[in-house]
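Coordinates from query_12.txt are shown below (compact mmCIF, C-alpha atoms).
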# COMPACT_ATOMS: atom_id res chain seq x y z
CA MET A 17 7.86 -11.64 17.52
CA PHE A 18 9.06 -8.24 16.41
CA TYR A 19 12.60 -7.13 15.95
CA CYS A 20 13.85 -3.63 15.52
CA TYR A 21 16.56 -1.95 13.54
CA GLN A 22 18.85 -1.77 16.52
CA PRO A 23 22.31 -0.42 15.72
CA SER A 24 25.17 -0.34 18.16
CA GLU A 25 26.23 2.90 19.88
CA GLN A 26 29.33 2.87 17.73
CA HIS A 27 27.20 2.81 14.61
CA LEU A 28 24.87 5.50 15.91
CA ALA A 29 27.86 7.76 16.40
CA LYS A 30 28.50 7.60 12.67
CA ILE A 31 25.16 9.14 11.78
CA PRO A 32 25.77 12.73 10.61
CA ALA A 33 25.01 15.31 13.27
CA ASN A 34 22.38 17.15 11.28
CA VAL A 35 20.32 14.04 10.60
CA GLY A 36 17.22 14.06 12.76
CA GLU A 37 17.44 17.73 13.55
CA ILE A 38 14.07 18.87 14.83
CA ASP A 39 12.34 21.93 13.48
CA HIS A 40 10.86 23.38 16.66
CA ASP A 41 8.74 25.83 14.71
CA ALA A 42 6.95 23.01 12.93
CA THR A 43 3.24 22.73 13.48
CA ASN A 44 0.92 19.81 13.07
CA ARG A 45 -1.12 21.59 10.46
CA PRO A 46 -1.21 19.77 7.14
CA GLN A 47 1.28 21.31 4.74
CA ASN A 48 0.71 21.76 1.05
CA ILE A 49 3.96 20.33 -0.14
CA ASP A 50 5.24 20.37 -3.66
CA ILE A 51 5.45 16.83 -4.92
CA PRO A 52 9.03 16.37 -6.09
CA LYS A 53 9.36 16.27 -9.83
CA ASP A 54 10.86 12.84 -10.06
CA ILE A 55 7.72 11.31 -8.59
CA THR A 56 5.90 12.28 -11.72
CA ARG A 57 6.35 9.34 -13.93
CA ASP A 58 8.78 9.18 -16.73
CA ARG A 59 9.03 6.45 -19.28
CA ALA A 60 12.13 5.09 -17.65
CA SER A 61 10.24 4.12 -14.51
CA ILE A 62 7.27 2.38 -16.06
CA ILE A 63 7.08 -1.23 -17.09
CA THR A 64 5.85 -2.00 -20.57
CA LEU A 65 5.48 -5.54 -21.76
CA ASP A 66 7.70 -5.03 -24.78
CA GLU A 67 10.64 -4.31 -22.50
CA ASN A 68 12.83 -6.82 -20.74
CA LEU A 69 10.79 -7.01 -17.56
CA GLU A 70 13.13 -9.29 -15.64
CA GLU A 71 16.16 -7.17 -16.51
CA ARG A 72 14.57 -3.92 -15.43
CA LEU A 73 13.26 -5.38 -12.19
CA PHE A 74 16.66 -6.91 -11.46
CA SER A 75 18.29 -3.54 -12.03
CA ASN A 76 15.78 -1.81 -9.73
CA ARG A 77 16.20 -4.45 -7.01
CA SER A 78 19.99 -4.14 -7.24
CA GLU A 79 19.90 -0.37 -7.00
CA LEU A 80 17.75 -0.50 -3.86
CA LYS A 81 19.92 -3.17 -2.26
CA VAL A 82 23.00 -1.03 -2.83
CA LEU A 83 21.19 1.77 -0.96
CA ILE A 84 20.44 -0.63 1.89
CA SER A 85 24.06 -1.72 2.00
CA GLN A 86 25.11 1.92 2.40
CA ILE A 87 23.32 2.08 5.75
CA ALA A 88 24.10 -1.50 6.71
CA MET A 89 26.17 -0.35 9.65
CA HIS A 90 23.05 1.20 11.19
CA ILE A 91 20.86 -1.90 11.08
CA SER A 92 21.10 -5.50 12.15
CA SER A 93 21.86 -8.24 9.65
CA ILE A 94 18.37 -9.68 10.27
CA ALA A 95 16.78 -6.35 9.42
CA ARG A 96 18.94 -6.05 6.31
CA GLN A 97 17.97 -9.52 5.12
CA ASP A 98 14.31 -8.73 5.77
CA LEU A 99 14.54 -5.55 3.69
CA PHE A 100 16.15 -7.53 0.87
CA LYS A 101 13.33 -10.06 1.08
CA GLN A 102 10.63 -7.39 1.02
CA ILE A 103 12.26 -5.72 -2.00
CA ASP A 104 12.35 -9.08 -3.79
CA GLU A 105 8.66 -9.62 -3.06
CA LEU A 106 7.57 -6.15 -4.14
CA LEU A 107 9.58 -6.34 -7.34
CA ASP A 108 8.70 -9.88 -8.38
CA ALA A 109 8.15 -10.12 -12.12
CA ASP A 110 5.15 -12.40 -11.61
CA GLY A 111 3.39 -9.62 -9.73
CA PHE A 112 3.89 -6.90 -12.32
CA SER A 113 1.54 -5.79 -15.07
CA GLU A 114 2.03 -3.41 -17.94
CA GLY A 115 2.06 0.29 -17.05
CA GLU A 116 3.20 -0.19 -13.46
CA SER A 117 6.07 1.72 -11.90
CA LEU A 118 9.30 0.49 -10.47
CA ILE A 119 10.34 1.73 -7.04
CA ALA A 120 11.77 5.26 -7.12
CA PRO A 121 15.23 5.05 -5.47
CA LYS A 122 14.87 8.56 -4.04
CA SER A 123 11.68 7.49 -2.29
CA PHE A 124 13.44 4.45 -0.87
CA SER A 125 16.30 6.67 0.27
CA THR A 126 13.84 8.70 2.32
CA PHE A 127 12.62 5.50 3.97
CA LEU A 128 16.19 4.50 4.78
CA LYS A 129 16.90 7.93 6.24
CA PHE A 130 13.80 7.59 8.42
CA LEU A 131 15.04 4.19 9.49
CA THR A 132 18.42 5.55 10.58
CA LEU A 133 16.68 8.36 12.44
CA HIS A 134 14.60 5.86 14.42
CA PRO A 135 16.91 3.06 15.51
CA GLN A 136 14.22 1.61 17.78
CA MET A 137 11.82 1.21 14.89
CA ARG A 138 9.89 -2.03 14.58
CA ARG A 139 9.81 -3.73 11.22
CA ALA A 140 8.00 -1.69 8.57
CA ALA A 141 5.65 -3.64 6.33
CA LEU A 142 6.58 -2.18 2.95
CA THR A 143 4.21 -1.56 0.07
CA MET A 144 4.44 0.55 -3.06
CA THR A 145 2.15 3.07 -4.70
CA ASN A 146 1.20 3.51 -8.34
CA MET A 147 3.75 6.33 -8.48
CA GLY A 148 6.60 4.04 -7.44
CA THR A 149 6.95 5.47 -3.95
CA VAL A 150 7.39 3.23 -0.93
CA GLY A 151 4.94 3.01 1.95
CA GLY A 152 5.50 1.62 5.43
CA THR A 153 2.74 0.28 7.69
CA TRP A 154 2.83 -0.30 11.43
CA ARG A 155 -0.13 -1.75 13.22
CA THR A 156 -0.99 -1.83 16.91
CA GLU A 157 -4.12 -2.50 18.90
CA ALA A 158 -4.73 1.25 18.96
CA GLY A 159 -4.71 1.65 15.20
CA LYS A 160 -2.61 1.74 12.08
CA LEU A 161 0.12 4.12 10.97
CA TYR A 162 0.97 4.42 7.30
CA ILE A 163 3.80 6.57 5.97
CA GLU A 164 4.44 7.13 2.27
CA PHE A 165 8.06 8.09 1.73
CA LEU A 166 8.54 10.65 -1.02
CA PRO A 167 11.82 11.72 -2.64
CA TYR A 168 14.02 14.37 -1.01
CA GLY A 169 13.04 13.62 2.56
CA LYS A 170 9.33 14.33 2.14
CA TYR A 171 6.50 12.16 3.36
CA ARG A 172 2.74 11.76 3.52
CA THR A 173 1.17 9.89 6.39
CA SER A 174 -2.29 8.68 7.29
CA VAL A 175 -3.26 7.31 10.66
CA SER A 176 -6.36 5.35 11.56
CA ARG A 177 -6.98 5.44 15.28
CA LYS A 178 -9.71 3.64 17.17
CA GLU A 179 -11.70 5.84 19.54
CA ASN A 180 -14.44 3.86 21.30
CA ASP A 181 -16.35 2.28 18.38
CA GLU A 182 -15.31 4.91 15.86
CA THR A 183 -12.21 4.93 13.67
CA GLU A 184 -10.64 8.36 13.33
CA TYR A 185 -8.45 9.25 10.35
CA LEU A 186 -5.62 11.77 10.38
CA ALA A 187 -3.40 12.82 7.52
CA HIS A 188 -0.19 14.84 7.55
CA GLU A 189 2.59 15.64 5.15
CA GLY A 190 5.86 17.54 5.06
CA SER A 191 9.53 16.84 5.60
CA LEU A 192 11.02 14.19 7.85
CA LYS A 193 11.91 16.81 10.43
CA LYS A 194 8.23 17.63 10.83
CA LEU A 195 7.24 13.99 10.79
CA HIS A 196 9.27 13.38 13.92
CA LYS A 197 7.39 16.17 15.72
CA PHE A 198 4.00 15.05 14.39
CA LEU A 199 4.55 11.50 15.59
CA SER A 200 5.86 12.61 18.98
CA ASP A 201 3.14 15.19 19.62
CA ASN A 202 0.40 12.67 18.88
CA ASN A 203 2.04 9.81 20.76
CA PHE A 204 2.35 7.81 17.55
CA SER A 205 6.06 7.20 18.02
CA SER A 206 5.26 4.33 20.34
CA TRP A 207 3.27 2.68 17.56
CA PHE A 208 6.36 1.84 15.57
CA GLN A 209 8.99 1.74 18.29
CA ARG A 210 10.04 -1.41 20.00
CA VAL A 211 8.90 -1.72 23.60
CA GLU A 212 11.91 -2.22 25.80
CA THR A 213 11.52 -5.19 28.11
CA PRO A 214 13.06 -4.55 31.53
CA ALA A 215 15.92 -6.87 32.37
CA PRO A 216 14.91 -9.56 34.88
CA MET B 5 -28.20 -7.70 -21.04
CA SER B 6 -28.92 -6.05 -17.73
CA LYS B 7 -29.28 -2.31 -17.64
CA HIS B 8 -26.71 -0.12 -15.98
CA ARG B 9 -27.71 0.75 -12.42
CA PRO B 10 -26.24 1.97 -9.14
CA LEU B 11 -25.29 -0.88 -6.84
CA ASP B 12 -27.21 -1.15 -3.58
CA ASP B 13 -25.51 -0.43 -0.28
CA ASN B 14 -25.61 -4.09 0.75
CA GLU B 15 -23.86 -5.24 -2.42
CA HIS B 16 -20.13 -5.62 -3.04
CA VAL B 17 -17.42 -5.08 -5.62
CA VAL B 18 -14.21 -7.07 -5.98
CA ARG B 19 -10.77 -6.10 -7.31
CA GLN B 20 -7.46 -7.87 -7.60
CA CYS B 21 -5.00 -6.71 -4.92
CA PRO B 22 -1.39 -7.36 -5.95
CA ARG B 23 1.32 -8.25 -3.44
CA LYS B 24 2.88 -4.80 -3.63
CA LYS B 25 -0.30 -3.27 -2.17
CA GLN B 26 -0.42 -5.72 0.74
CA ALA B 27 1.30 -4.73 3.98
CA ARG B 28 2.46 -7.99 5.55
CA ASP B 29 4.27 -8.77 8.75
CA GLU B 30 7.32 -11.03 8.80
CA HIS B 31 5.07 -14.09 9.03
CA GLY B 32 2.99 -13.16 6.01
CA ASN B 33 -0.04 -11.95 7.97
CA ILE B 34 -1.90 -9.06 6.42
CA LEU B 35 -1.54 -5.76 8.35
CA GLY B 36 -3.38 -3.61 5.85
CA VAL B 37 -3.72 -2.44 2.29
CA ASP B 38 -1.70 0.42 0.84
CA PRO B 39 -4.06 3.44 0.48
CA SER B 40 -2.90 3.79 -3.12
CA PHE B 41 -5.01 0.71 -3.87
CA PHE B 42 -7.82 3.25 -4.33
CA GLU B 43 -5.73 5.73 -6.29
CA LEU B 44 -6.63 6.60 -9.84
CA ASN B 45 -3.78 5.93 -12.25
CA ALA B 46 -2.83 9.26 -13.81
CA GLU B 47 -0.60 7.53 -16.34
CA ARG B 48 -3.63 5.72 -17.70
CA ASN B 49 -5.85 8.83 -17.39
CA GLU B 50 -8.19 6.90 -15.12
CA ASN B 51 -11.22 8.72 -13.72
CA TYR B 52 -12.83 5.63 -12.24
CA LEU B 53 -11.78 2.24 -10.87
CA SER B 54 -12.84 -0.93 -12.63
CA CYS B 55 -14.39 -3.66 -10.48
CA THR B 56 -16.34 -6.87 -10.65
CA TRP B 57 -19.83 -7.01 -9.14
CA PHE B 58 -19.70 -9.72 -6.49
CA GLU B 59 -23.41 -10.59 -6.48
CA PHE B 60 -23.45 -11.09 -10.25
CA PHE B 61 -22.25 -14.61 -9.55
CA SER B 62 -24.38 -17.13 -7.71
CA GLY B 63 -23.68 -19.54 -4.87
CA THR B 64 -21.94 -19.13 -1.54
CA ASP B 65 -19.41 -16.37 -0.93
CA ALA B 66 -16.62 -18.87 -1.64
CA ASP B 67 -18.33 -19.93 -4.87
CA ARG B 68 -18.59 -16.32 -5.94
CA LEU B 69 -14.93 -15.59 -5.22
CA ASN B 70 -13.95 -18.69 -7.18
CA ALA B 71 -16.11 -17.57 -10.08
CA ILE B 72 -14.68 -14.04 -10.00
CA TYR B 73 -11.13 -15.38 -10.00
CA GLU B 74 -11.86 -17.54 -13.03
CA HIS B 75 -13.70 -14.64 -14.65
CA LEU B 76 -10.78 -12.23 -14.17
CA LYS B 77 -8.21 -14.72 -15.43
CA LYS B 78 -10.26 -15.24 -18.57
CA LYS B 79 -10.86 -11.51 -19.00
CA LEU B 80 -7.18 -10.63 -18.65
CA LYS B 81 -6.23 -13.36 -21.13
CA GLY B 82 -3.00 -14.24 -19.38
CA LYS B 83 -1.86 -10.65 -18.92
CA GLY B 84 -2.81 -10.57 -15.26
CA ARG B 85 -0.07 -11.13 -12.71
CA TRP B 86 -1.41 -13.22 -9.86
CA LYS B 87 1.56 -14.32 -7.78
CA GLU B 88 0.69 -13.63 -4.14
CA ALA B 89 -2.26 -11.50 -5.26
CA MET B 90 -5.49 -11.50 -3.25
CA LEU B 91 -9.08 -10.56 -3.95
CA ALA B 92 -10.24 -7.34 -2.27
CA LYS B 93 -13.97 -7.31 -1.55
CA SER B 94 -15.51 -3.94 -0.69
CA ASN B 95 -18.99 -3.21 0.58
CA VAL B 96 -20.71 -0.55 -1.52
CA GLY B 97 -22.52 1.16 1.35
CA LYS B 98 -19.41 1.31 3.51
CA LEU B 99 -17.29 2.73 0.70
CA LYS B 100 -19.87 5.45 0.11
CA ALA B 101 -20.24 6.19 3.83
CA ALA B 102 -16.47 6.53 4.27
CA ALA B 103 -16.39 8.93 1.30
CA GLU B 104 -19.33 10.97 2.64
CA LYS B 105 -17.39 11.57 5.86
CA LYS B 106 -14.83 13.28 3.65
CA SER B 107 -17.52 15.24 1.78
CA ARG B 108 -17.12 13.15 -1.32
CA ASP B 109 -19.93 11.53 -3.28
CA LEU B 110 -18.91 8.16 -4.72
CA SER B 111 -20.89 6.56 -7.50
CA ILE B 112 -20.63 2.77 -7.65
CA ARG B 113 -22.49 1.37 -10.64
CA PHE B 114 -23.05 -1.93 -12.37
CA THR B 115 -22.10 -1.21 -15.99
CA PRO B 116 -22.01 -4.54 -17.84
CA SER B 117 -20.74 -4.94 -21.36
CA LYS B 118 -20.76 -7.77 -23.85
CA GLU B 119 -17.13 -8.51 -22.98
CA ASP B 120 -17.63 -8.30 -19.21
CA PRO B 121 -21.16 -8.98 -17.94
CA ALA B 122 -20.09 -8.44 -14.30
CA TYR B 123 -18.31 -5.12 -14.91
CA SER B 124 -18.82 -2.31 -12.41
CA LYS B 125 -17.00 0.91 -11.65
CA ILE B 126 -16.28 3.30 -8.79
CA SER B 127 -16.45 6.97 -9.82
CA GLY B 128 -16.05 10.18 -7.84
CA LEU B 129 -12.61 9.52 -6.38
CA PRO B 130 -10.25 12.52 -6.21
CA LEU B 131 -8.51 12.80 -9.59
CA ASP B 132 -5.30 14.07 -7.97
CA ASN B 133 -5.31 11.35 -5.28
CA SER B 134 -4.72 14.13 -2.78
CA ASP B 135 -6.97 12.99 0.06
CA ARG B 136 -4.80 10.32 1.66
CA SER B 137 -7.06 9.82 4.66
CA LEU B 138 -9.99 9.09 2.31
CA LEU B 139 -7.94 6.54 0.37
CA ASP B 140 -6.77 5.03 3.66
CA ALA B 141 -10.36 4.71 4.89
CA LEU B 142 -11.53 3.04 1.68
CA ALA B 143 -8.70 0.51 1.86
CA ASN B 144 -9.18 -0.20 5.57
CA GLU B 145 -10.56 -3.65 6.28
CA GLU B 146 -12.31 -2.38 9.39
CA VAL B 147 -14.20 0.13 7.27
CA ALA B 148 -14.94 -1.24 3.85
CA THR B 149 -12.43 -3.60 2.28
CA THR B 150 -11.43 -7.16 3.16
CA LEU B 151 -8.78 -9.29 1.48
CA PHE B 152 -9.31 -12.93 0.60
CA PRO B 153 -6.75 -15.41 -0.65
CA LEU B 154 -7.06 -16.61 -4.19
CA PRO B 155 -8.94 -19.86 -4.60
CA GLU B 156 -6.54 -22.72 -5.01
CA THR B 157 -7.02 -24.61 -8.22
CA ASP B 158 -5.09 -27.54 -9.62
CA LYS B 159 -4.40 -25.57 -12.74
CA ASP B 160 -2.59 -22.82 -10.87
CA ALA B 161 -1.10 -24.81 -8.04
CA ASP B 162 2.44 -23.89 -9.07
CA ASP B 163 1.61 -20.28 -9.67
CA LEU B 164 -0.22 -19.29 -6.54
CA THR B 165 0.88 -18.52 -3.06
CA THR B 166 -2.08 -17.76 -0.89
CA GLY B 167 -1.82 -15.25 1.90
CA THR B 168 -3.51 -15.04 5.25
CA MET B 169 -7.14 -14.16 5.20
CA GLY B 170 -8.34 -10.96 6.84
CA ALA B 171 -6.61 -8.94 9.47
CA ALA B 172 -3.71 -10.10 11.54
Could you render the structure from this file as structure tokens?
Amino acid sequence: MFYCYQPSEQHLAKIPANVGEIDHDATNRPQNIDIPKDITRDRASIITLDENLEERLFSNRSELKVLISQIAMHISSIARQDLFKQIDELLDADGFSEGESLIAPKSFSTFLKFLTLHPQMRRAALTMTNMGTVGGTWRTEAGKLYIEFLPYGKYRTSVSRKENDETEYLAHEGSLKKLHKFLSDNNFSSWFQRVETPAP
Amino acid sequence: MSKHRPLDDNEHVVRQCPRKKQARDEHGNILGVDPSFFELNAERNENYLSCTWFEFFSGTDADRLNAIYEHLKKKLKGKGRWKEAMLAKSNVGKLKAAAEKKSRDLSIRFTPSKEDPAYSKISGLPLDNSDRSLLDALANEEVATTLFPLPETDKDADDLTTGTMGAA
């Protein structure tokens, strides 16, 4: 069973007016975006075994949970608890090796902004990259959508779509405003949105 | 000692896939692998990915996965982090075919050493990790890579949480 991040109308009204603004001049052509500087690793974001691993992971988990709490009014308590659980799993000390990155809070902020922009979104299966950015995966019978959330509202996405017996791959990158158009134009929005069941 | 050689298309390589690379639904079923599983680590100046040659070990597929798990634990000398990790098995021919579709020539070779007689490596991946659709294809279980739960052993019973095998 899926659930979605379904906020109330009252909560939706609190989302700033400019959030989700669509750039109508956007095209679906891949953009050569500049990777924000704070994705490039710095010593502060990398685990080394001589550091207090548990302490640093705890600090990272706490920082991300504070970010989640800041948008708590836009998501259900079940969704919030699920995000907490996924963060705990991704940042479990027993799954970390030397030289690996923590999660970049600015990347996670982009994911949370995307979440508030798409209140009908089904649960995102979160993963993390070597750079410390967060990825979300949605899977349907038609294929798989993966979005990597970069700092400052940027993203990279790759889509695998089944066409007859072939699997087609698409990639796209840009800002969240363009992501909305890319997903809509290619009918991918339905892949991660909850299907409304008509009332009996 | 065996000589270095390219692996045949019908052979396989195996790598550890940590929890943070596994996309899981709310029930723990695997939805996919993060494309960055095939990224080169710039911090470590990687220009190839280290793997274990699956067919180096004998027996059934399950026997081989068990042997690889034991082999990797011994090789990593306790530094490996295995909680909720899985073993990712990739077919050599399918990895190369997926790369060819993106005009990239992968080299997957058996390169044993005294320390690791099953060592193999994947070379030819984009150094800047820029081709996300290529990385996605390589990590896709319908194309080349399948996840398997870690073998359960008495020794690690408290340490391991096995996931769901294969696709959801």
Next item on the list: Considering only C-alpha atoms, extract the chain B residues located within 9 Å of chain A and return them as number ranges by chain.
Entry: B: 22-30, 35-41, 43-48, 83-89, 135-138, 140-141, 144, 146-147, 163
Check: What is the CA of Leu151 in chain B to CA of Cys21 in chain B distance in Å?
Finding: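 These atoms are spaced 7.9 Å apart.
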Next item on the list: Rounded to one decimal place, report the CA of Glu156 in chain B-CA of Glu119 in chain B distance in Å.
Entry: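 CA of Glu119 in chain B lies at a distance of 25.2 Å from CA of Glu156 in chain B.
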Next item on the list: Report the distance between CA of Val82 in chain A and CA of Phe208 in chain A in Å, rounded to one decimal place.
Entry: 25.0 Å
Checklist line | Nearby residues (all atoms listed in the file) at most 7 Å from range 11-16 of chain B, same-chain spacing under 5 positions excluded, as a PyMOL selection string | finding: chain B and resi 57-59+93-97+112-114
Would you save the residues from that selection as a CSV table (one decimal), in the coordinates of the input, using C-alpha atoms?
chain,number,residue,atom,x,y,z
B,57,TRP,CA,-19.8,-7.0,-9.1
B,58,PHE,CA,-19.7,-9.7,-6.5
B,59,GLU,CA,-23.4,-10.6,-6.5
B,93,LYS,CA,-14.0,-7.3,-1.6
B,94,SER,CA,-15.5,-3.9,-0.7
B,95,ASN,CA,-19.0,-3.2,0.6
B,96,VAL,CA,-20.7,-0.6,-1.5
B,97,GLY,CA,-22.5,1.2,1.4
B,112,ILE,CA,-20.6,2.8,-7.6
B,113,ARG,CA,-22.5,1.4,-10.6
B,114,PHE,CA,-23.0,-1.9,-12.4
Notebook entry, point to check: Out of B:Lys125, B:His8, B:Arg19, B:Lys106, which residue has the shortest atom-to-atom distance to Leu69 in chain B when counting only C-alpha atoms?
Noted result: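 Closest to Leu69 in chain B of all the choices is B:Arg19.
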Next item on the list: Check the smallest atom-to-atom distance from each of B:Pro121, B:Ile126, B:Ala66, B:Leu99 to Ser54 in chain B using only C-alpha atoms, then report the winner.
Entry: B:Ile126
Note to self: List as an MDAnalysis selection string the protein and nucleic acid residues near Ser107 in chain B, meaning an atom at most 12 Å away when only C-alpha atoms are counted, but skip any in the same chain fewer than 4 places from it.
What the structure shows: chainID B and resid 100:103 128:130 135 138
Next item on the list: Choose the residue, out of B:Pro10, B:Gly32, B:Pro153, B:Gly63, that has the smallest atom-to-atom separation from Ser111 in chain B; count only C-alpha atoms.
Entry: B:Pro10
